[in-house]
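Engineer: Below are the structure tokens for one structure; questions will follow.
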Amino acid sequence: MTYPTDLGFYINGSWRKGEGRDVHNVINPATGETLGQLPLATAADLEEALEATAMGFAEWRHVDVTERAAKLHKVAALIRERAEVISVLLTMEQGKPLAEARTETLSCAAQFDYFCEEAKRSYGRVLVRPTGQRTLVLKQPVGPVAAFSPWNFPVNLMCKKMAAALAAGCSIIAKPPEETPASTSAIMQCVIDGGIPGHVAQLVYGVPDMVSRQLIASPIIRKVSFTGSVPVGKHLLKLCADGVKRTTMELGGHAPVLIFDDCDLDKAIALSSTTKFRNAGQVCISPTRFYVQEGIYDRFVAGFAEATTKVQVGNGLDAGTVMGPLANDRRPPAIEKLVADATAKGARLLTGGLRGETGNFYQPTVLADVPMSADVMEDEPFGPVALMRPFKTLDEAIEQANRLPFGLAAYAFTENGRQANLVADALDTGMVGINSFVISVPDAPFGGVKESGFGSEGGPEGLDSYYVTKAVHQY
């Protein structure tokens, strides 16, 4: 399969190609080769998109929810029909193994199917009033949306926002990452072919700071949804404050995993070592800080390290590859620096710790006895690095898990039901997995607390973020 040579973006019903615009080189992270050149939207392009999305919202909000649902179901069907092509493109430009790319692509279809049906159940209510009087509480779409999504799960995270916004009756300008334009454009083509009007759903690429400033500053945009790093999220929040924009922020994490001595040890090792290196650890909810009760610490660490040595690293398109390259050339040196700092401060390097000679590869790495002074215990590595520390008591484990300003996801392995309940209540995160790492599903809220953001994507809560509430009093 060849990479597309006609990359572009979609505004007001038409694809825009080069035409003298600045371009971004799209790089294959496994080989370093340039796959193609992506034209970047200009200020004039963005202004046209804003004007179109205002008109799109004025029409789309009045389309009956059953008609919207029928179109969104068709989008889901087209994504499933074209899943293999989309998945290969995703692997070529992002690097993840093809099996993971397929899972991500199919999750997009699930998002569209879920939200278009959930929108049918977004009821208001009638309050109790004297005879002849009525007070109604209505849910109405918030308005045109600007949605910014990152490169680690480019199609899934774009679809989380797009599916919910469209189902609620909002128009949307999606700005996915410039690193992965072919796969996200292929998803957009499914949206177009599913019957969503061209001024209702639009797709732009561009210089991130310029695009975000122009879209957020416009009074046309009523809601901003962002998934990405904490620093960028804080910057966008400041921009949103000037216009008092509705926001959903899904920011970074540094997920702790509490391994108790009463757990199913073999299961804990198998699931932990597999999940840690999914997408090369470039996952906001990736398990990273492993706190292991001291009675089983040595066995867990040894088993985890042994399993890690068996993780086959390579091009995501190659059969047998379990972990692909990091998505961009900024990540290997950043991780190398964190590992060097940790080992210099006393951490034991059990396996990995080396960059590849070509591409953006970095070996799956396990560090044991990592001191609290290590930078990697404070800063999310966002890569294939697992950190191990022992603990004695439940209170100590909870204190360590909650010590950082992040609160996106946390996990625990225990066979004690009472202990599981205590841990779930005590962990200061938006999501908790008990004996499982599967916490991202369409019908459940996905989001964090503290500096990991606020608001939810997924579940009824994710759909509600695209509505405003209106009270109507009639006498």
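Residue names in the structure tokens use chain letters A, B, ... in the order shown, residue numbers from 1 in each chain, and ligand numbers from 1 in the order shown.
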At a cut-off of 7 Å, using only C-alpha atoms, what residues contact Pro442 of chain A? Leave out same-chain residues fewer than 5 positions from it and give the result as an MDAnalysis selection string.

Structural biologist: chainID A and resid 110:111 114 458:459

Engineer: Mind writing the picked residues with C-alpha atoms as a PDB file, in the first residue's frame?

Structural biologist:
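Full text of out.pdb as output:
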```pdb
ATOM      1  CA  ALA A 110     -17.888   2.207  18.320  1.00  0.00           C
ATOM      2  CA  GLN A 111     -17.764   5.876  19.369  1.00  0.00           C
ATOM      3  CA  TYR A 114     -22.641   4.813  20.949  1.00  0.00           C
ATOM      4  CA  GLY A 458     -17.217   8.916  26.886  1.00  0.00           C
ATOM      5  CA  GLY A 459     -20.473   7.885  28.478  1.00  0.00           C
TER       6      GLY A 459
END
```

Engineer: Near Met158 of chain A, counting only C-alpha atoms, which residues have an atom at most 9 Å away, once you skip same-chain residues fewer than 4 positions from it, shown as a list of chain:residue names?

Structural biologist: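 Answer for this query is A:Cys108, A:Ala147, A:Phe148, A:Ser149, A:Pro150, A:Phe153, A:Pro154, A:Met162, A:Ala163, A:Ala174, A:Lys175, A:Pro176, A:Thr184.
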
Engineer: I need the residues from that last selection saved to file as a PDB file, in the first residue's frame (with C-alpha atoms), if you can.

Structural biologist:
```
ATOM      1  CA  CYS A 108     -13.776   4.974  16.256  1.00  0.00           C
ATOM      2  CA  ALA A 147     -11.506  20.093  18.938  1.00  0.00           C
ATOM      3  CA  PHE A 148      -7.764  19.510  19.313  1.00  0.00           C
ATOM      4  CA  SER A 149      -6.401  15.953  19.484  1.00  0.00           C
ATOM      5  CA  PRO A 150      -2.842  14.510  19.794  1.00  0.00           C
ATOM      6  CA  PHE A 153      -4.201   7.943  19.385  1.00  0.00           C
ATOM      7  CA  PRO A 154      -4.949  10.294  16.515  1.00  0.00           C
ATOM      8  CA  MET A 162     -16.420  14.483  16.735  1.00  0.00           C
ATOM      9  CA  ALA A 163     -18.940  11.721  17.414  1.00  0.00           C
ATOM     10  CA  ALA A 174     -11.432  19.186  14.214  1.00  0.00           C
ATOM     11  CA  LYS A 175      -7.716  19.885  14.391  1.00  0.00           C
ATOM     12  CA  PRO A 176      -5.882  16.531  14.645  1.00  0.00           C
ATOM     13  CA  THR A 184      -7.344  11.160  10.235  1.00  0.00           C
TER      14      THR A 184
END
```

Engineer: Please run DSSP on the backbone and report, as a PyMOL selection string, all residues within segment 251-407 of chain A that come out as helix (DSSP H, G or I).

Structural biologist: chain A and resi 265-276+278-281+297-309+331-344+375-377+394-401

Engineer: For Val438 of chain A, work out the shell of residues within 12 Å, counting only C-alpha atoms and skipping chain neighbours fewer than 4 positions away, then give it as a list in words.

Structural biologist: Leu271, Ser272, Thr275, Ile285, Ser286, Pro287, Ala409, Ala410, Tyr411, Met431, Val432, Gly433, Ile434, Pro442, Ala444 and Phe446 of chain A

Engineer: Within 7 Å of Val230 of chain A, counting only C-alpha atoms, which residues show up once you throw out same-chain ones fewer than 5 positions away? Write them as a ChimeraX atom specification, please.

Structural biologist: /A:251-252,451-452

Engineer: Per residue of segment 155-195 of chain A within 10 Å of segment 60-73 of chain A, what are the shortest atom pair and its distance in Å to one decimal, counting only C-alpha atoms, with rows by chain and residue number, as CSV?

Structural biologist:
```
residue,atom,partner,partner_atom,distance
A:Ala163,CA,A:Leu72,CA,7.6
A:Leu166,CA,A:Arg68,CA,7.7
A:Ala167,CA,A:Arg68,CA,6.5
A:Ala168,CA,A:Arg61,CA,7.9
A:Gly169,CA,A:Arg61,CA,4.4
A:Cys170,CA,A:Arg61,CA,6.2
A:Ser171,CA,A:Trp60,CA,7.0
A:Cys190,CA,A:Leu72,CA,9.7
A:Val191,CA,A:Leu72,CA,7.7
A:Ile192,CA,A:Lys71,CA,9.8
A:Asp193,CA,A:Lys71,CA,9.2
A:Gly194,CA,A:Lys71,CA,5.5
A:Gly195,CA,A:Lys71,CA,5.9
```

Engineer: Give me a file of those residues, with C-alpha atoms, as a PDB file, in the first residue's frame.

Structural biologist:
```pdb
ATOM      1  CA  ALA A 163     -18.940  11.721  17.414  1.00  0.00           C
ATOM      2  CA  LEU A 166     -22.259  15.748  16.044  1.00  0.00           C
ATOM      3  CA  ALA A 167     -24.645  13.523  17.987  1.00  0.00           C
ATOM      4  CA  ALA A 168     -25.531  16.430  20.272  1.00  0.00           C
ATOM      5  CA  GLY A 169     -26.301  18.705  17.327  1.00  0.00           C
ATOM      6  CA  CYS A 170     -23.096  20.765  17.331  1.00  0.00           C
ATOM      7  CA  SER A 171     -20.931  21.655  14.367  1.00  0.00           C
ATOM      8  CA  CYS A 190     -16.034   8.380   6.151  1.00  0.00           C
ATOM      9  CA  VAL A 191     -17.797  11.297   7.870  1.00  0.00           C
ATOM     10  CA  ILE A 192     -18.312  13.010   4.525  1.00  0.00           C
ATOM     11  CA  ASP A 193     -19.512   9.856   2.790  1.00  0.00           C
ATOM     12  CA  GLY A 194     -21.828   9.162   5.715  1.00  0.00           C
ATOM     13  CA  GLY A 195     -23.768  12.287   4.802  1.00  0.00           C
TER      14      GLY A 195
END
```

Engineer: For Asp369 of chain A, work out the shell of residues within 9 Å, counting only C-alpha atoms and skipping chain neighbours fewer than 5 positions away, then give it as a list of chain:residue names.

Structural biologist: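 In the requested format, the answer is A:Gly346, A:Ala347, A:Arg348, A:Leu387, A:Met388, A:Arg389, A:Pro390.
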
Engineer: Take the residues that were just selected and, keeping all heavy atoms, output them as a PDB file, in the first residue's frame.

Structural biologist:
```
ATOM      1  N   GLY A 346      20.688   6.077  41.507  1.00  0.00           N
ATOM      2  CA  GLY A 346      20.618   4.814  42.229  1.00  0.00           C
ATOM      3  C   GLY A 346      19.643   3.785  41.735  1.00  0.00           C
ATOM      4  O   GLY A 346      19.597   2.662  42.269  1.00  0.00           O
ATOM      5  N   ALA A 347      18.864   4.079  40.738  1.00  0.00           N
ATOM      6  CA  ALA A 347      17.938   3.080  40.204  1.00  0.00           C
ATOM      7  C   ALA A 347      18.702   1.966  39.516  1.00  0.00           C
ATOM      8  O   ALA A 347      19.769   2.190  38.926  1.00  0.00           O
ATOM      9  CB  ALA A 347      16.972   3.731  39.216  1.00  0.00           C
ATOM     10  N   ARG A 348      18.166   0.753  39.591  1.00  0.00           N
ATOM     11  CA  ARG A 348      18.793  -0.403  38.933  1.00  0.00           C
ATOM     12  C   ARG A 348      18.153  -0.613  37.558  1.00  0.00           C
ATOM     13  O   ARG A 348      16.935  -0.786  37.457  1.00  0.00           O
ATOM     14  CB  ARG A 348      18.615  -1.661  39.774  1.00  0.00           C
ATOM     15  CG  ARG A 348      19.421  -1.667  41.070  1.00  0.00           C
ATOM     16  CD  ARG A 348      19.356  -3.032  41.745  1.00  0.00           C
ATOM     17  NE  ARG A 348      18.017  -3.354  42.231  1.00  0.00           N
ATOM     18  CZ  ARG A 348      17.350  -4.460  41.926  1.00  0.00           C
ATOM     19  NH1 ARG A 348      17.878  -5.360  41.099  1.00  0.00           N
ATOM     20  NH2 ARG A 348      16.143  -4.687  42.444  1.00  0.00           N
ATOM     21  N   LEU A 387       8.686   1.810  36.154  1.00  0.00           N
ATOM     22  CA  LEU A 387       9.386   2.192  37.372  1.00  0.00           C
ATOM     23  C   LEU A 387       8.890   1.334  38.528  1.00  0.00           C
ATOM     24  O   LEU A 387       7.685   1.210  38.737  1.00  0.00           O
ATOM     25  CB  LEU A 387       9.134   3.667  37.679  1.00  0.00           C
ATOM     26  CG  LEU A 387       9.260   4.638  36.492  1.00  0.00           C
ATOM     27  CD1 LEU A 387       8.799   6.029  36.889  1.00  0.00           C
ATOM     28  CD2 LEU A 387      10.693   4.652  35.980  1.00  0.00           C
ATOM     29  N   MET A 388       9.814   0.755  39.297  1.00  0.00           N
ATOM     30  CA  MET A 388       9.455  -0.160  40.378  1.00  0.00           C
ATOM     31  C   MET A 388       9.938   0.360  41.733  1.00  0.00           C
ATOM     32  O   MET A 388      11.103   0.753  41.865  1.00  0.00           O
ATOM     33  CB  MET A 388      10.083  -1.537  40.131  1.00  0.00           C
ATOM     34  CG  MET A 388       9.794  -2.138  38.770  1.00  0.00           C
ATOM     35  SD  MET A 388       8.114  -2.781  38.678  1.00  0.00           S
ATOM     36  CE  MET A 388       8.002  -3.134  36.916  1.00  0.00           C
ATOM     37  N   ARG A 389       9.023   0.302  42.724  1.00  0.00           N
ATOM     38  CA  ARG A 389       9.378   0.625  44.110  1.00  0.00           C
ATOM     39  C   ARG A 389       8.574  -0.276  45.057  1.00  0.00           C
ATOM     40  O   ARG A 389       7.411  -0.572  44.782  1.00  0.00           O
ATOM     41  CB  ARG A 389       9.047   2.079  44.441  1.00  0.00           C
ATOM     42  CG  ARG A 389      10.052   3.111  43.929  1.00  0.00           C
ATOM     43  CD  ARG A 389       9.685   4.502  44.425  1.00  0.00           C
ATOM     44  NE  ARG A 389       9.687   4.569  45.879  1.00  0.00           N
ATOM     45  CZ  ARG A 389      10.756   4.809  46.618  1.00  0.00           C
ATOM     46  NH1 ARG A 389      11.935   4.988  46.037  1.00  0.00           N
ATOM     47  NH2 ARG A 389      10.673   4.875  47.934  1.00  0.00           N
ATOM     48  N   PRO A 390       9.160  -0.683  46.174  1.00  0.00           N
ATOM     49  CA  PRO A 390       8.414  -1.489  47.146  1.00  0.00           C
ATOM     50  C   PRO A 390       7.628  -0.606  48.121  1.00  0.00           C
ATOM     51  O   PRO A 390       7.943   0.570  48.309  1.00  0.00           O
ATOM     52  CB  PRO A 390       9.520  -2.245  47.886  1.00  0.00           C
ATOM     53  CG  PRO A 390      10.693  -1.309  47.848  1.00  0.00           C
ATOM     54  CD  PRO A 390      10.588  -0.562  46.539  1.00  0.00           C
TER      55      PRO A 390
END
```

Engineer: Can you check which residues of segment 180-247 of chain A DSSP gives as strand (DSSP E or B) on the backbone and send them as a list in words?

Structural biologist: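 Across segment 180-247 of chain A, those assigned strand (DSSP E or B) are Ala201, Gln202, Leu203, Lys223, Val224, Ser225, Phe226, Thr227, Arg246 and Thr247 of chain A.
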
Engineer: Put those residues in a file: all heavy atoms, as a compact mmCIF listing (two decimals), in the first residue's frame.

Structural biologist:
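Produced file part.txt, reproduced below:
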```txt
# COMPACT_ATOMS: atom_id res chain seq x y z
N ALA A 201 -19.06 19.46 9.72
CA ALA A 201 -17.83 18.83 10.20
C ALA A 201 -16.70 19.23 9.26
O ALA A 201 -16.77 19.00 8.05
CB ALA A 201 -17.98 17.32 10.24
N GLN A 202 -15.66 19.85 9.83
CA GLN A 202 -14.52 20.29 9.04
C GLN A 202 -13.23 19.81 9.71
O GLN A 202 -13.19 19.54 10.91
CB GLN A 202 -14.51 21.82 8.92
CG GLN A 202 -15.79 22.36 8.28
CD GLN A 202 -15.81 23.87 8.23
OE1 GLN A 202 -15.28 24.48 7.33
NE2 GLN A 202 -16.43 24.48 9.24
N LEU A 203 -12.18 19.74 8.90
CA LEU A 203 -10.90 19.19 9.35
C LEU A 203 -9.79 20.13 8.90
O LEU A 203 -9.67 20.43 7.71
CB LEU A 203 -10.69 17.80 8.72
CG LEU A 203 -9.44 17.02 9.12
CD1 LEU A 203 -9.60 16.42 10.50
CD2 LEU A 203 -9.17 15.91 8.10
N LYS A 223 -17.34 26.04 22.35
CA LYS A 223 -16.78 24.97 23.21
C LYS A 223 -15.44 24.54 22.64
O LYS A 223 -15.25 24.47 21.42
CB LYS A 223 -17.73 23.79 23.26
CG LYS A 223 -17.03 22.46 23.53
CD LYS A 223 -17.49 21.70 24.68
CE LYS A 223 -16.57 20.52 24.93
NZ LYS A 223 -17.02 19.65 25.93
N VAL A 224 -14.50 24.26 23.53
CA VAL A 224 -13.18 23.77 23.16
C VAL A 224 -12.95 22.45 23.87
O VAL A 224 -13.13 22.33 25.09
CB VAL A 224 -12.08 24.78 23.54
CG1 VAL A 224 -10.69 24.18 23.31
CG2 VAL A 224 -12.24 26.06 22.75
N SER A 225 -12.56 21.44 23.10
CA SER A 225 -12.19 20.14 23.67
C SER A 225 -10.74 19.86 23.29
O SER A 225 -10.37 19.93 22.12
CB SER A 225 -13.10 19.04 23.14
OG SER A 225 -12.75 17.78 23.69
N PHE A 226 -9.93 19.55 24.29
CA PHE A 226 -8.50 19.34 24.07
C PHE A 226 -8.03 18.09 24.78
O PHE A 226 -8.36 17.85 25.94
CB PHE A 226 -7.70 20.55 24.58
CG PHE A 226 -6.20 20.34 24.57
CD1 PHE A 226 -5.49 20.36 23.38
CD2 PHE A 226 -5.51 20.11 25.75
CE1 PHE A 226 -4.12 20.15 23.37
CE2 PHE A 226 -4.14 19.91 25.75
CZ PHE A 226 -3.44 19.93 24.55
N THR A 227 -7.22 17.30 24.08
CA THR A 227 -6.50 16.19 24.69
C THR A 227 -5.03 16.40 24.41
O THR A 227 -4.63 16.58 23.25
CB THR A 227 -6.93 14.84 24.11
OG1 THR A 227 -8.33 14.65 24.33
CG2 THR A 227 -6.16 13.70 24.76
N ARG A 246 -16.78 27.16 27.05
CA ARG A 246 -16.95 25.84 27.66
C ARG A 246 -15.76 24.97 27.25
O ARG A 246 -15.34 24.97 26.09
CB ARG A 246 -18.25 25.20 27.15
CG ARG A 246 -18.46 23.74 27.54
CD ARG A 246 -19.00 23.61 28.93
NE ARG A 246 -20.36 24.12 29.00
CZ ARG A 246 -21.45 23.37 28.77
NH1 ARG A 246 -21.34 22.10 28.43
NH2 ARG A 246 -22.65 23.90 28.88
N THR A 247 -15.18 24.25 28.20
CA THR A 247 -14.00 23.44 27.89
C THR A 247 -14.12 22.03 28.46
O THR A 247 -14.74 21.80 29.49
CB THR A 247 -12.71 24.06 28.46
OG1 THR A 247 -12.83 24.19 29.89
CG2 THR A 247 -12.42 25.42 27.86
```

Engineer: Using only C-alpha atoms, which residues sit within 12 Å of Ala182 of chain A once same-chain residues fewer than 2 positions away are excluded, as a ChimeraX atom specification?

Structural biologist: /A:2-9,26-28,35-38,85-94,154-155,176-180,184-189,203,205

Engineer: If we count only C-alpha atoms, what is near segment 97-102 of chain A at a cut-off of 12 Å, once residues fewer than 4 positions away on the same chain are taken out, given as a ChimeraX atom specification?

Structural biologist: /A:29-30,79-93,106-109,152-156,183,275,277-280,312-327

Engineer: Go ahead and write the residues just picked, N, CA and C atoms, as a compact mmCIF listing (two decimals), in the first residue's frame.

Structural biologist:
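So the final result, stored in part16.txt, reads:
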```
# COMPACT_ATOMS: atom_id res chain seq x y z
N PRO A 29 8.02 7.08 11.48
CA PRO A 29 8.87 7.00 12.67
C PRO A 29 9.71 5.73 12.74
N ALA A 30 9.36 4.72 11.96
CA ALA A 30 10.14 3.47 11.97
C ALA A 30 11.37 3.56 11.08
N ILE A 79 -16.39 3.25 8.50
CA ILE A 79 -15.10 3.07 9.19
C ILE A 79 -14.76 1.59 9.28
N ARG A 80 -15.73 0.77 9.63
CA ARG A 80 -15.48 -0.67 9.71
C ARG A 80 -15.14 -1.24 8.34
N GLU A 81 -15.84 -0.76 7.32
CA GLU A 81 -15.60 -1.24 5.96
C GLU A 81 -14.19 -0.89 5.47
N ARG A 82 -13.68 0.26 5.89
CA ARG A 82 -12.38 0.74 5.43
C ARG A 82 -11.29 0.60 6.49
N ALA A 83 -11.55 -0.20 7.50
CA ALA A 83 -10.67 -0.28 8.67
C ALA A 83 -9.25 -0.69 8.31
N GLU A 84 -9.08 -1.64 7.40
CA GLU A 84 -7.74 -2.12 7.11
C GLU A 84 -6.90 -1.02 6.45
N VAL A 85 -7.47 -0.30 5.52
CA VAL A 85 -6.73 0.80 4.88
C VAL A 85 -6.37 1.87 5.90
N ILE A 86 -7.32 2.26 6.72
CA ILE A 86 -7.07 3.29 7.74
C ILE A 86 -5.99 2.82 8.71
N SER A 87 -6.04 1.56 9.10
CA SER A 87 -5.08 1.02 10.07
C SER A 87 -3.66 1.02 9.52
N VAL A 88 -3.50 0.63 8.27
CA VAL A 88 -2.16 0.63 7.66
C VAL A 88 -1.61 2.05 7.60
N LEU A 89 -2.44 3.01 7.21
CA LEU A 89 -2.00 4.40 7.17
C LEU A 89 -1.59 4.87 8.56
N LEU A 90 -2.37 4.49 9.56
CA LEU A 90 -2.07 4.88 10.94
C LEU A 90 -0.73 4.32 11.38
N THR A 91 -0.44 3.07 11.07
CA THR A 91 0.84 2.47 11.44
C THR A 91 2.00 3.13 10.70
N MET A 92 1.81 3.43 9.42
CA MET A 92 2.86 4.06 8.64
C MET A 92 3.29 5.40 9.21
N GLU A 93 2.33 6.20 9.69
CA GLU A 93 2.68 7.55 10.11
C GLU A 93 2.79 7.72 11.63
N LEU A 106 -11.23 0.53 14.89
CA LEU A 106 -12.56 -0.01 15.18
C LEU A 106 -13.20 0.70 16.38
N SER A 107 -12.38 1.20 17.30
CA SER A 107 -12.93 1.95 18.42
C SER A 107 -13.61 3.23 17.94
N CYS A 108 -13.14 3.77 16.82
CA CYS A 108 -13.78 4.97 16.26
C CYS A 108 -15.22 4.67 15.86
N ALA A 109 -15.42 3.54 15.20
CA ALA A 109 -16.77 3.15 14.82
C ALA A 109 -17.66 2.99 16.04
N ASN A 152 -0.83 10.45 19.72
CA ASN A 152 -0.64 9.09 20.24
C ASN A 152 -1.80 8.15 19.87
N PHE A 153 -3.03 8.68 19.87
CA PHE A 153 -4.20 7.94 19.38
C PHE A 153 -4.98 8.88 18.46
N PRO A 154 -4.42 9.19 17.32
CA PRO A 154 -4.95 10.29 16.51
C PRO A 154 -6.35 10.09 15.99
N VAL A 155 -6.70 8.88 15.57
CA VAL A 155 -8.05 8.71 15.03
C VAL A 155 -9.07 8.51 16.15
N ASN A 156 -8.72 7.75 17.16
CA ASN A 156 -9.65 7.51 18.27
C ASN A 156 -10.02 8.80 18.99
N SER A 183 -4.37 9.05 8.06
CA SER A 183 -5.36 8.25 8.78
C SER A 183 -6.52 9.10 9.26
N THR A 275 0.57 -4.35 29.00
CA THR A 275 -0.06 -3.04 28.86
C THR A 275 0.95 -1.90 28.90
N PHE A 277 3.77 -1.52 27.57
CA PHE A 277 4.46 -1.22 26.31
C PHE A 277 3.51 -1.09 25.12
N ARG A 278 2.21 -1.04 25.41
CA ARG A 278 1.25 -0.74 24.35
C ARG A 278 1.51 0.66 23.81
N ASN A 279 1.52 0.78 22.50
CA ASN A 279 1.82 2.06 21.85
C ASN A 279 3.13 2.65 22.36
N ALA A 280 4.10 1.78 22.66
CA ALA A 280 5.42 2.18 23.16
C ALA A 280 5.32 3.06 24.41
N GLN A 312 8.90 -7.98 21.36
CA GLN A 312 9.55 -7.84 20.06
C GLN A 312 9.32 -6.44 19.52
N VAL A 313 10.43 -5.73 19.30
CA VAL A 313 10.38 -4.35 18.84
C VAL A 313 10.69 -4.30 17.35
N GLY A 314 9.93 -3.51 16.60
CA GLY A 314 10.21 -3.39 15.18
C GLY A 314 9.20 -2.52 14.47
N ASN A 315 9.28 -2.52 13.15
CA ASN A 315 8.34 -1.78 12.33
C ASN A 315 6.93 -2.31 12.58
N GLY A 316 5.99 -1.41 12.80
CA GLY A 316 4.63 -1.82 13.11
C GLY A 316 3.95 -2.63 12.03
N LEU A 317 4.45 -2.56 10.81
CA LEU A 317 3.88 -3.33 9.71
C LEU A 317 4.42 -4.75 9.64
N ASP A 318 5.49 -5.04 10.39
CA ASP A 318 6.10 -6.37 10.35
C ASP A 318 5.33 -7.35 11.23
N ALA A 319 5.12 -8.55 10.73
CA ALA A 319 4.46 -9.59 11.53
C ALA A 319 5.28 -9.88 12.77
N GLY A 320 4.63 -10.02 13.89
CA GLY A 320 5.31 -10.35 15.13
C GLY A 320 5.72 -9.15 15.96
N THR A 321 5.66 -7.96 15.40
CA THR A 321 6.04 -6.77 16.18
C THR A 321 5.03 -6.53 17.29
N VAL A 322 5.55 -6.39 18.49
CA VAL A 322 4.72 -6.12 19.65
C VAL A 322 4.77 -4.64 20.02
N MET A 323 5.93 -4.01 19.82
CA MET A 323 6.08 -2.59 20.12
C MET A 323 6.80 -1.91 18.97
N GLY A 324 6.22 -0.83 18.48
CA GLY A 324 6.82 -0.08 17.40
C GLY A 324 7.71 1.03 17.91
N PRO A 325 8.08 1.96 17.03
CA PRO A 325 8.92 3.09 17.42
C PRO A 325 8.12 4.13 18.18
N LEU A 326 8.81 5.05 18.80
CA LEU A 326 8.16 6.23 19.34
C LEU A 326 7.72 7.10 18.17
N ALA A 327 6.70 7.90 18.39
CA ALA A 327 6.03 8.56 17.27
C ALA A 327 6.82 9.69 16.64
```

Engineer: In terms of the shortest atom-to-atom distance over only C-alpha atoms, which of A:Pro208, A:Pro39, A:Gly18, A:Gly448 is closest to Thr248 of chain A?

Structural biologist: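 Closest to Thr248 of chain A, using only C-alpha atoms: A:Gly448.
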